[in-house]
>>> print(open('final.cif').read())   # mmCIF, C-alpha atoms
data_input
#
loop_
_atom_site.label_atom_id
_atom_site.label_comp_id
_atom_site.auth_asym_id
_atom_site.auth_seq_id
_atom_site.Cartn_x
_atom_site.Cartn_y
_atom_site.Cartn_z
CA MET W 1 -9.03 5.95 -9.24
CA ASP W 2 -8.78 2.29 -8.23
CA SER W 3 -11.88 1.24 -6.27
CA ASN W 4 -9.93 -1.64 -4.72
CA ASP W 5 -7.39 0.80 -3.26
CA VAL W 6 -10.18 2.92 -1.80
CA GLU W 7 -11.88 -0.09 -0.24
CA ARG W 8 -8.56 -1.28 1.17
CA TRP W 9 -7.95 2.06 2.91
CA VAL W 10 -11.52 2.10 4.25
CA GLU W 11 -11.17 -1.41 5.69
CA GLN W 12 -7.76 -0.59 7.19
CA GLY W 13 -9.26 2.55 8.73
CA ILE W 14 -12.22 0.68 10.20
CA LEU W 15 -9.90 -1.98 11.64
CA ALA W 16 -7.69 0.69 13.24
CA ALA W 17 -10.76 2.55 14.57
CA LYS W 18 -12.14 -0.59 16.18
CA SER W 19 -8.74 -1.16 17.80
CA ASN W 20 -8.85 2.44 19.11
CA TYR W 21 -5.81 3.56 17.09
CA LYS W 22 -7.49 6.78 16.05
CA GLU W 23 -4.52 8.60 14.55
CA GLN W 24 -3.75 5.74 12.19
CA ALA W 25 -7.44 5.24 11.38
CA GLU W 26 -7.78 8.92 10.50
CA GLN W 27 -4.83 8.71 8.11
CA TYR W 28 -6.30 5.70 6.29
CA LEU W 29 -9.82 7.14 6.08
CA ARG W 30 -8.64 10.56 4.91
CA ARG W 31 -6.81 8.84 2.06
CA ALA W 32 -10.00 7.03 1.17
CA VAL W 33 -12.16 10.19 1.05
CA THR W 34 -9.44 12.03 -0.87
CA MET W 35 -9.46 9.29 -3.51
CA ASP W 36 -13.27 8.93 -3.46
CA PRO W 37 -15.13 11.91 -1.92
CA SER W 38 -18.44 10.08 -2.46
CA ASN W 39 -17.54 7.18 -0.16
CA GLU W 40 -20.26 7.42 2.48
CA LYS W 41 -18.77 4.62 4.61
CA ALA W 42 -15.38 6.33 4.86
CA TRP W 43 -16.96 9.68 5.88
CA LEU W 44 -19.08 7.99 8.54
CA TRP W 45 -16.13 6.19 10.15
CA LEU W 46 -13.98 9.30 9.82
CA SER W 47 -16.54 11.10 11.99
CA ALA W 48 -15.75 8.59 14.73
CA VAL W 49 -11.98 9.15 14.83
CA VAL W 50 -11.37 12.87 14.20
CA GLU W 51 -10.88 14.84 17.41
CA ASP W 52 -12.46 18.21 16.66
CA ILE W 53 -16.26 18.32 17.07
CA SER W 54 -16.66 20.69 14.11
CA GLU W 55 -14.82 18.15 11.95
CA LYS W 56 -17.10 15.40 13.24
CA ARG W 57 -20.13 17.48 12.21
CA GLU W 58 -18.61 18.14 8.79
CA CYS W 59 -18.04 14.41 8.21
CA LEU W 60 -21.59 13.57 9.27
CA HIS W 61 -23.02 16.31 7.04
CA ARG W 62 -21.10 14.80 4.12
CA VAL W 63 -22.75 11.45 4.87
CA ILE W 64 -26.19 13.13 4.94
CA GLU W 65 -25.46 14.77 1.56
CA LEU W 66 -24.67 11.35 0.11
CA GLU W 67 -27.50 9.48 1.89
CA PRO W 68 -30.06 11.80 3.51
CA SER W 69 -31.74 8.95 5.40
CA ASN W 70 -28.58 7.52 6.98
CA PRO W 71 -29.69 6.80 10.60
CA TYR W 72 -26.16 6.77 12.06
CA ALA W 73 -25.26 10.18 10.66
CA ARG W 74 -28.58 11.64 11.80
CA SER W 75 -28.13 10.17 15.31
CA GLY W 76 -24.62 11.58 15.44
CA LEU W 77 -25.71 15.07 14.47
CA ARG W 78 -28.50 14.98 17.06
CA PHE W 79 -26.02 13.79 19.68
CA LEU W 80 -23.47 16.52 18.88
CA GLY W 81 -26.23 19.13 18.79
CA SER W 82 -27.44 18.13 22.26
CA LEU W 83 -24.04 18.27 23.97
CA ARG W 84 -23.94 20.83 26.74
CA GLU W 85 -20.88 22.91 27.57
CA GLY W 86 -18.37 20.85 29.51
CA TYR W 87 -19.60 17.54 28.05
CA GLU W 88 -17.70 17.75 24.75
CA TYR W 89 -15.46 14.84 25.78
CA MET W 90 -18.42 12.48 25.27
CA ALA W 91 -18.10 12.92 21.51
CA ALA W 92 -14.65 11.29 21.51
CA ARG W 93 -16.19 7.82 21.79
CA ALA W 94 -18.60 8.45 18.87
CA PRO W 95 -21.61 6.73 20.46
CA TRP W 96 -23.61 7.06 17.23
CA MET W 97 -21.36 4.33 15.78
CA TYR W 98 -22.37 1.71 18.37
CA ASP W 99 -23.34 -1.52 16.69
CA LYS W 100 -22.31 -0.20 13.27
CA ASP W 101 -20.59 -2.92 11.18
CA GLY W 102 -19.46 -4.74 14.28
CA GLY W 103 -18.53 -1.53 16.06
CA PRO W 104 -18.45 -1.05 19.84
CA PRO W 105 -21.16 -3.10 21.56
CA ILE W 106 -24.32 -1.42 22.78
CA PRO W 107 -24.12 -1.04 26.60
CA GLY W 108 -26.12 -3.81 28.23
CA ASP W 109 -26.90 -5.20 24.77
CA LYS W 110 -30.23 -3.31 24.75
CA SER W 111 -31.77 -1.03 22.18
CA THR W 112 -32.83 1.45 24.91
CA VAL W 113 -31.70 2.33 28.41
CA GLU W 114 -34.18 3.33 31.10
CA CYS W 115 -33.23 6.30 33.25
CA PRO W 116 -32.86 5.13 36.89
CA ARG W 117 -34.22 8.46 38.14
CA CYS W 118 -37.21 9.39 35.96
CA GLY W 119 -37.75 6.17 34.01
CA ALA W 120 -37.55 7.84 30.59
CA PRO W 121 -36.30 5.62 27.73
CA ASN W 122 -33.04 6.72 26.12
CA PRO W 123 -30.98 5.47 23.16
CA ALA W 124 -28.49 2.79 24.13
CA TRP W 125 -25.58 5.05 23.26
CA ALA W 126 -26.73 7.93 25.49
CA TYR W 127 -24.55 8.95 28.44
CA THR W 128 -27.08 11.20 30.18
CA CYS W 129 -30.88 11.12 30.31
CA SER W 130 -32.49 13.36 27.68
CA ASP W 131 -35.17 14.40 30.23
CA CYS W 132 -33.34 14.92 33.54
CA ASP W 133 -29.60 14.74 32.67
CA THR W 134 -29.00 11.85 35.09
CA PRO W 135 -25.83 9.88 34.16
CA LEU W 136 -26.84 6.58 32.55
CA GLU W 137 -23.44 4.87 32.39
CA LYS W 138 -22.04 3.50 35.64
CA VAL W 139 -18.36 4.15 36.18
CA ASP W 140 -16.16 1.54 37.85
CA VAL W 141 -13.65 3.82 39.58
CA ALA W 142 -11.18 1.03 40.35
CA SER W 143 -11.28 -0.12 36.73
CA GLU W 144 -10.75 3.40 35.40
CA VAL W 145 -7.79 3.99 37.73
CA HIS W 146 -6.28 0.69 36.61
CA LYS W 147 -6.69 1.69 32.94
CA GLN W 148 -4.97 5.02 33.59
CA MET W 149 -2.10 3.27 35.34
CA ILE W 150 -1.67 0.91 32.41
CA LYS W 151 -1.86 3.85 30.03
CA GLY W 152 0.88 5.58 31.99
CA ARG W 153 3.14 2.52 31.73
CA ARG W 154 2.60 2.16 28.02
CA SER W 155 5.50 4.45 27.20
CA SER W 156 8.05 1.98 28.57
CA ILE W 157 10.18 0.66 25.73
CA VAL W 158 10.78 -2.56 27.68
CA ARG W 159 7.26 -3.76 26.78
CA PRO W 160 7.89 -3.96 23.01
CA TRP W 161 11.28 -5.55 23.68
CA THR W 162 9.74 -8.37 25.70
CA SER W 163 7.00 -8.83 23.10
CA ALA W 164 9.61 -8.93 20.33
CA ILE W 165 11.09 -12.10 21.82
CA VAL W 166 8.03 -14.02 20.57
CA LEU W 167 7.50 -11.75 17.52
CA ASN W 168 4.13 -10.53 18.79
CA ALA W 169 3.66 -7.73 16.23
CA THR W 170 0.47 -6.42 17.84
CA GLU W 171 2.17 -5.78 21.19
CA VAL W 172 5.47 -4.61 19.69
CA PHE W 173 4.21 -1.99 17.25
CA ALA W 174 0.49 -1.23 17.53
CA PRO W 175 0.60 0.52 20.96
CA GLU W 176 3.63 2.56 19.86
CA VAL W 177 1.94 4.29 16.91
CA GLU W 178 0.55 7.18 18.97
CA LEU W 179 3.95 7.74 20.66
CA ALA W 180 5.86 8.23 17.40
CA SER W 181 8.45 11.01 17.29
CA ILE W 182 12.02 11.44 16.09
CA PRO W 183 13.43 12.33 19.57
CA ARG W 184 11.82 9.19 21.00
CA SER W 185 13.33 7.20 18.12
CA ILE W 186 16.83 8.44 18.95
CA TRP W 187 16.34 7.80 22.68
CA THR W 188 14.98 4.30 21.99
CA ILE W 189 18.10 3.36 20.02
CA ALA W 190 20.30 4.78 22.79
CA LEU W 191 18.56 2.69 25.46
CA ALA W 192 18.86 -0.40 23.29
CA ALA W 193 22.59 0.22 22.82
CA LEU W 194 23.05 0.49 26.59
CA ALA W 195 21.05 -2.69 27.24
CA CYS W 196 22.87 -4.54 24.49
CA ASN W 197 26.28 -3.49 25.77
CA LEU W 198 25.42 -4.41 29.36
CA LEU W 199 24.60 -7.91 28.11
CA ARG W 200 27.91 -7.95 26.24
CA LEU W 201 29.64 -7.10 29.52
CA VAL W 202 27.80 -9.93 31.29
CA SER W 203 28.99 -12.34 28.59
CA SER W 204 32.57 -11.08 28.87
CA LEU W 205 32.63 -11.35 32.67
CA GLY W 206 31.12 -14.85 32.56
CA LEU W 207 33.59 -16.00 29.92
CA THR W 208 36.52 -14.57 31.87
CA ALA W 209 35.41 -16.03 35.20
CA PHE W 210 34.92 -19.46 33.64
CA THR W 211 38.08 -19.68 31.51
CA ASN W 212 40.59 -17.55 33.49
CA PRO W 213 39.37 -17.22 37.09
CA GLY W 214 42.86 -16.29 38.29
CA GLN W 215 43.02 -13.30 35.94
CA PHE W 216 39.47 -12.08 36.59
CA ALA W 217 40.44 -9.15 38.84
CA SER W 218 43.18 -7.93 36.49
CA LEU W 219 40.75 -7.84 33.54
CA ILE W 220 38.12 -5.65 35.21
CA ASP W 221 39.71 -2.38 34.10
CA PRO W 222 40.25 -3.48 30.44
CA LEU W 223 36.68 -4.75 30.31
CA ALA W 224 35.35 -1.45 31.69
CA THR W 225 37.32 0.45 29.05
CA ALA W 226 36.06 -1.87 26.34
CA PHE W 227 32.49 -1.33 27.60
CA VAL W 228 32.75 2.45 27.15
CA VAL W 229 34.38 2.14 23.71
CA ASP W 230 31.88 -0.46 22.50
CA LEU W 231 28.95 1.60 23.80
CA GLY W 232 30.06 4.48 21.60
CA GLY W 233 30.33 2.10 18.66
CA LEU W 234 26.90 0.63 19.33
CA LEU W 235 25.32 4.08 19.55
CA LEU W 236 26.89 5.13 16.25
CA ALA W 237 26.06 1.84 14.51
CA GLY W 238 22.51 1.79 15.85
CA TRP W 239 21.70 5.34 14.73
CA VAL W 240 23.35 4.87 11.33
CA ILE W 241 21.57 1.57 10.70
CA TRP W 242 18.25 3.00 11.87
CA ALA W 243 18.45 6.11 9.68
CA GLY W 244 19.60 4.15 6.63
CA LEU W 245 17.14 1.30 7.12
CA ALA W 246 14.19 3.65 7.76
CA THR W 247 14.98 5.69 4.65
CA LEU W 248 15.43 2.58 2.50
CA THR W 249 12.28 0.83 3.72
CA MET W 250 10.21 4.01 3.40
CA SER W 251 11.28 4.29 -0.25
CA ILE W 252 10.45 0.64 -0.93
CA ALA W 253 7.08 0.87 0.85
CA ASP W 254 6.18 4.02 -1.12
CA SER W 255 7.07 2.29 -4.39
CA LEU W 256 4.73 -0.58 -3.49
CA GLY W 257 1.77 1.68 -2.75
CA GLY W 258 2.27 2.35 0.95
CA MET W 259 1.09 5.76 2.15
CA GLY W 260 1.82 5.57 5.86
CA SER W 261 3.12 8.49 7.90
CA THR W 262 6.88 9.12 7.61
CA ARG W 263 7.03 9.99 11.32
CA ILE W 264 5.35 6.74 12.33
CA HIS W 265 7.45 4.75 9.86
CA PHE W 266 10.76 6.07 11.19
CA TYR W 267 9.69 5.52 14.79
CA LEU W 268 8.45 1.95 14.27
CA ILE W 269 11.68 1.09 12.45
CA ALA W 270 13.51 2.48 15.51
CA VAL W 271 11.35 0.22 17.71
CA ALA W 272 12.24 -2.73 15.45
CA VAL W 273 15.97 -1.95 15.59
CA SER W 274 15.96 -1.37 19.35
CA SER W 275 13.92 -4.53 20.02
CA TRP W 276 16.27 -6.49 17.85
CA MET W 277 19.37 -5.10 19.61
CA ALA W 278 17.95 -6.02 23.01
CA VAL W 279 17.10 -9.55 21.88
CA ALA W 280 20.47 -9.85 20.13
CA GLY W 281 22.14 -9.07 23.44
CA LEU W 282 20.27 -11.98 25.02
CA VAL W 283 21.33 -14.20 22.13
CA GLY W 284 24.92 -13.16 22.77
CA VAL W 285 24.62 -14.35 26.38
CA ALA W 286 23.08 -17.62 25.18
CA VAL W 287 25.87 -18.14 22.62
CA THR W 288 28.51 -17.60 25.31
CA ALA W 289 26.74 -20.12 27.55
CA VAL W 290 26.61 -22.72 24.77
CA ILE W 291 30.32 -22.28 23.99
CA LEU W 292 31.22 -22.66 27.68
CA LEU W 293 28.92 -25.57 28.49
CA LEU W 294 29.51 -27.54 25.27
CA PRO W 295 33.27 -27.43 24.73
CA GLY W 296 33.04 -29.92 21.86
CA VAL W 297 30.94 -27.55 19.75
CA SER W 298 32.73 -25.27 17.29
CA PRO W 299 32.43 -21.64 18.46
CA THR W 300 32.61 -20.47 14.83
CA LEU W 301 29.64 -22.66 13.91
CA VAL W 302 27.57 -21.48 16.88
CA ILE W 303 28.29 -17.82 16.11
CA ALA W 304 27.51 -18.31 12.40
CA LEU W 305 24.17 -19.97 13.17
CA ALA W 306 23.25 -17.27 15.69
CA SER W 307 24.15 -14.50 13.22
CA GLY W 308 22.03 -16.10 10.49
CA LEU W 309 19.03 -16.45 12.78
CA LEU W 310 19.42 -12.85 13.95
CA PHE W 311 19.49 -11.63 10.35
CA PHE W 312 16.16 -13.25 9.48
CA TYR W 313 14.74 -12.23 12.85
CA ALA W 314 15.65 -8.62 12.02
CA LEU W 315 14.00 -8.98 8.61
CA THR W 316 10.80 -10.22 10.27
CA LEU W 317 10.70 -7.27 12.70
CA VAL W 318 11.21 -4.77 9.87
CA ALA W 319 8.43 -6.40 7.83
CA GLN W 320 6.10 -6.22 10.84
CA ALA W 321 6.96 -2.54 11.38
CA VAL W 322 6.19 -1.72 7.74
CA HIS W 323 2.92 -3.66 7.92
CA ALA W 324 1.87 -1.72 11.04
CA THR W 325 2.65 1.58 9.29
CA HIS W 326 1.45 1.00 5.73
CA GLY W 327 -0.91 -1.99 5.85
CA LEU W 328 0.51 -3.47 2.63
CA GLN W 329 -1.29 -6.38 1.03
CA PRO W 330 0.31 -9.88 1.25
CA LEU W 331 1.70 -9.75 -2.29
CA GLN W 332 3.14 -6.30 -1.69
CA GLU W 333 4.72 -7.45 1.58
CA THR W 334 6.32 -10.39 -0.26
CA GLY W 335 7.77 -7.93 -2.76
CA PHE W 336 8.99 -5.74 0.10
CA VAL W 337 10.87 -8.63 1.74
CA GLY W 338 12.36 -9.61 -1.61
CA LEU W 339 13.60 -6.07 -2.27
CA ILE W 340 15.12 -5.83 1.21
CA LEU W 341 16.96 -9.14 0.75
CA GLY W 342 18.20 -8.05 -2.67
CA THR W 343 19.37 -4.72 -1.29
CA CYS W 344 21.29 -6.46 1.52
CA VAL W 345 23.07 -8.70 -0.98
CA VAL W 346 23.96 -5.77 -3.24
CA ALA W 347 25.14 -3.68 -0.27
CA TYR W 348 27.33 -6.49 1.03
CA GLY W 349 28.82 -7.00 -2.44
CA GLY W 350 29.39 -3.26 -2.76
CA ILE W 351 31.28 -3.14 0.54
CA LEU W 352 33.58 -5.93 -0.63
CA ALA W 353 34.04 -4.57 -4.16
CA LEU W 354 34.18 -0.79 -3.75
CA LEU W 355 35.42 0.13 -0.29
CA PRO W 356 39.13 0.15 0.52
CA ALA W 357 40.39 -2.40 3.02
CA GLY W 358 40.52 0.08 5.92
CA ALA W 359 36.94 1.23 5.38
CA GLN W 360 35.81 -2.38 5.09
CA LEU W 361 37.30 -3.16 8.51
CA VAL W 362 35.47 -0.20 10.07
CA MET W 363 32.16 -1.22 8.49
CA PHE W 364 32.52 -4.84 9.51
CA LYS W 365 33.44 -3.81 13.07
CA LEU W 366 30.30 -1.68 13.37
CA PHE W 367 28.08 -4.44 11.98
CA GLN W 368 29.79 -7.03 14.17
CA LEU W 369 29.01 -4.94 17.24
CA VAL W 370 25.32 -4.91 16.34
CA MET W 371 24.87 -8.25 14.57
CA LEU W 372 26.25 -10.41 17.35
CA PRO W 373 26.93 -8.48 20.55
CA ILE W 374 29.08 -10.97 22.42
CA ALA W 375 32.55 -10.70 23.80
CA PRO W 376 35.29 -11.41 21.24
#
>>> encode(input="final.cif", output="structure tokens")
Amino acid sequence: MDSNDVERWVEQGILAAKSNYKEQAEQYLRRAVTMDPSNEKAWLWLSAVVEDISEKRECLHRVIELEPSNPYARSGLRFLGSLREGYEYMAARAPWMYDKDGGPPIPGDKSTVECPRCGAPNPAWAYTCSDCDTPLEKVDVASEVHKQMIKGRRSSIVRPWTSAIVLNATEVFAPEVELASIPRSIWTIALAALACNLLRLVSSLGLTAFTNPGQFASLIDPLATAFVVDLGGLLLAGWVIWAGLATLTMSIADSLGGMGSTRIHFYLIAVAVSSWMAVAGLVGVAVTAVILLLPGVSPTLVIALASGLLFFYALTLVAQAVHATHGLQPLQETGFVGLILGTCVVAYGGILALLPAGAQLVMFKLFQLVMLPIAP
């Protein structure tokens, strides 16, 4: 057993717990206690993120076995033991962890809270008075409604796409962890293909209107047909690239010590691919605008530069997705990026060296659709 690995999983779990990503925190902390069942810190934080109350009690009892005088575990067991029927939801916020290692702040920043009804002192983490059951925590109804509305909007895939424009990894991937599923992955890629192709159509219409305004009406039907055909190609290319890239990166992450969930990994790679496709569509519109507004600039050069930037942008998104899933250390992440780059070079060489000419054209067409979605 490597104590550094255990400590790394504990710290990753604590960080995820403080950010309220309980599912991911539970995965990290369970790995830690599996590797080191005597890790009191991991058991204590695990009690804060597991859902089932009996599991919370079990974790706290393990802490007591390791350190009988642990005040947080004792407070937690007293709290769970005092819960009345119908109040089980209060355990979800693990109030016994308040002020533990920089944990959630104590309400009002006081060590005790005075009951407004009977005046009895209560622990700062208490929700109801121990003497008269009067609620001690004021609820801001407007604030709670607002939080629920935001929570309801969180499932929109447009949010990670907009955050991906500035490579904000926290907003792109962290909120998506709890939504991970294979059906959602497939649907995410499909929406990205539609958005990407709509932007391709905008580029095509703009290019046609600017260069051949007299033929604009006659090209509507061919452009509509091309839109349908290209959408099918984008869907196929997106799903193939996602499945292949997710499988490849999962293998590389595992080889470097990553132990993240396969379900979360595949979904976050789908988020990365879909975000990239949406942004690539915007880049396609920008490239078309540059070619039209700067006639002296070589279109080939502009497209080559845009393709190169998109490649490294895609690499960054994939690295961020893997970091959000596996929490690899900096040196491991460097190795991951190096292996991905090497694999891309080998794959490109293999396409040129092994595939027949016809298959090469099909592969290049699919990658062209995704790599730079602008009108030909």
>>> residues_around(input="final.cif", residues="W:His323", least_positions_apart="3", cutoff="10 Å", atoms="all atoms listed in the file", output="count of residues only")
17
>>> closest_residue(input="final.cif", among="W:Leu77, W:Leu199, W:Ile186, W:Leu29", to="W:Leu282", atoms="all atoms listed in the file")
W:Leu199
>>> resolve_selection(input="final.cif", expression="the PyMOL selection byres ((chain W and resi 310) around 10)", output="list in words")
Trp276, Met277, Val279, Ala280, Val283, Ala304, Leu305, Ala306, Ser307, Gly308, Leu309, Phe311, Phe312, Tyr313, Ala314, Leu315, Thr316, Met371 and Leu372 of chain W
>>> atom_distance(input="final.cif", atom1="atom CA of W:Phe79", atom2="atom CA of W:Lys56")
11.1 Å
>>> resolve_selection(input="final.cif", expression="the PyMOL selection byres ((chain W and resi 11) around 10)", output="number ranges by chain")
W: 5-10, 12-17, 25, 28-29, 32, 41-42
>>> resolve_selection(input="final.cif", expression="the PyMOL selection byres ((chain W and resi 235) around 12)", output="JSON, numbers by chain")
{"W": [186, 187, 188, 189, 190, 191, 192, 193, 194, 195, 196, 197, 228, 229, 230, 231, 232, 233, 234, 236, 237, 238, 239, 240, 241, 242, 273, 274, 277, 366, 367, 369, 370]}
>>> atom_distance(input="final.cif", atom1="atom CA of W:Thr343", atom2="atom CA of W:Phe266")
18.6 Å
>>> atom_distance(input="final.cif", atom1="atom CA of W:Val177", atom2="atom CA of W:Val271")
10.3 Å
>>> closest_residue(input="final.cif", among="W:Ser255, W:Trp96, W:Val297, W:Arg263", to="W:Pro183", atoms="all atoms listed in the file")
W:Arg263
>>> closest_residue(input="final.cif", among="W:Ala286, W:Arg74, W:Gly335, W:Gly349", to="W:Gly257", atoms="all atoms listed in the file")
W:Gly335
>>> closest_residue(input="final.cif", among="W:Glu51, W:Glu171, W:Glu88, W:Glu40", to="W:Glu67", atoms="only C-alpha atoms")
W:Glu40
>>> decode(input="final.cif", residues="stretch 5-30 of chain W", atoms="N, CA and C atoms", output="compact mmCIF listing (two decimals), in the first residue's frame")
# COMPACT_ATOMS: atom_id res chain seq x y z
N ASP W 5 -0.66 7.50 -2.11
CA ASP W 5 -1.88 7.28 -2.90
C ASP W 5 -3.11 7.42 -2.02
N VAL W 6 -3.05 6.85 -0.81
CA VAL W 6 -4.18 6.95 0.11
C VAL W 6 -4.47 8.41 0.45
N GLU W 7 -3.41 9.15 0.79
CA GLU W 7 -3.59 10.55 1.16
C GLU W 7 -4.13 11.36 -0.01
N ARG W 8 -3.69 11.01 -1.22
CA ARG W 8 -4.18 11.72 -2.41
C ARG W 8 -5.68 11.51 -2.58
N TRP W 9 -6.14 10.26 -2.41
CA TRP W 9 -7.57 10.00 -2.56
C TRP W 9 -8.38 10.68 -1.45
N VAL W 10 -7.82 10.71 -0.24
CA VAL W 10 -8.52 11.38 0.86
C VAL W 10 -8.67 12.87 0.56
N GLU W 11 -7.58 13.50 0.12
CA GLU W 11 -7.64 14.93 -0.17
C GLU W 11 -8.58 15.24 -1.33
N GLN W 12 -8.56 14.38 -2.36
CA GLN W 12 -9.49 14.57 -3.49
C GLN W 12 -10.93 14.42 -3.01
N GLY W 13 -11.16 13.44 -2.11
CA GLY W 13 -12.50 13.24 -1.59
C GLY W 13 -12.99 14.42 -0.75
N ILE W 14 -12.09 14.96 0.07
CA ILE W 14 -12.46 16.11 0.90
C ILE W 14 -12.77 17.31 0.01
N LEU W 15 -11.94 17.53 -1.01
CA LEU W 15 -12.17 18.64 -1.93
C LEU W 15 -13.51 18.51 -2.62
N ALA W 16 -13.83 17.30 -3.09
CA ALA W 16 -15.13 17.07 -3.76
C ALA W 16 -16.29 17.25 -2.77
N ALA W 17 -16.09 16.80 -1.52
CA ALA W 17 -17.16 16.93 -0.52
C ALA W 17 -17.43 18.39 -0.20
N LYS W 18 -16.38 19.18 -0.09
CA LYS W 18 -16.55 20.60 0.19
C LYS W 18 -17.23 21.33 -0.96
N SER W 19 -17.04 20.80 -2.18
CA SER W 19 -17.68 21.40 -3.36
C SER W 19 -19.08 20.84 -3.59
N ASN W 20 -19.51 19.94 -2.69
CA ASN W 20 -20.84 19.33 -2.73
C ASN W 20 -21.03 18.37 -3.89
N TYR W 21 -19.92 17.78 -4.38
CA TYR W 21 -20.00 16.73 -5.39
C TYR W 21 -19.90 15.39 -4.65
N LYS W 22 -21.02 14.99 -4.06
CA LYS W 22 -20.98 13.87 -3.12
C LYS W 22 -20.67 12.54 -3.78
N GLU W 23 -21.21 12.31 -4.96
CA GLU W 23 -20.98 11.03 -5.63
C GLU W 23 -19.49 10.83 -5.90
N GLN W 24 -18.84 11.87 -6.43
CA GLN W 24 -17.42 11.77 -6.71
C GLN W 24 -16.61 11.66 -5.41
N ALA W 25 -17.01 12.41 -4.40
CA ALA W 25 -16.32 12.35 -3.11
C ALA W 25 -16.41 10.94 -2.52
N GLU W 26 -17.58 10.32 -2.62
CA GLU W 26 -17.75 8.97 -2.09
C GLU W 26 -16.83 7.98 -2.79
N GLN W 27 -16.70 8.12 -4.11
CA GLN W 27 -15.82 7.22 -4.86
C GLN W 27 -14.38 7.34 -4.38
N TYR W 28 -13.90 8.58 -4.24
CA TYR W 28 -12.52 8.80 -3.80
C TYR W 28 -12.30 8.25 -2.39
N LEU W 29 -13.22 8.55 -1.47
CA LEU W 29 -13.04 8.17 -0.08
C LEU W 29 -13.18 6.66 0.11
N ARG W 30 -14.04 6.03 -0.66
CA ARG W 30 -14.15 4.56 -0.58
C ARG W 30 -12.87 3.90 -1.05
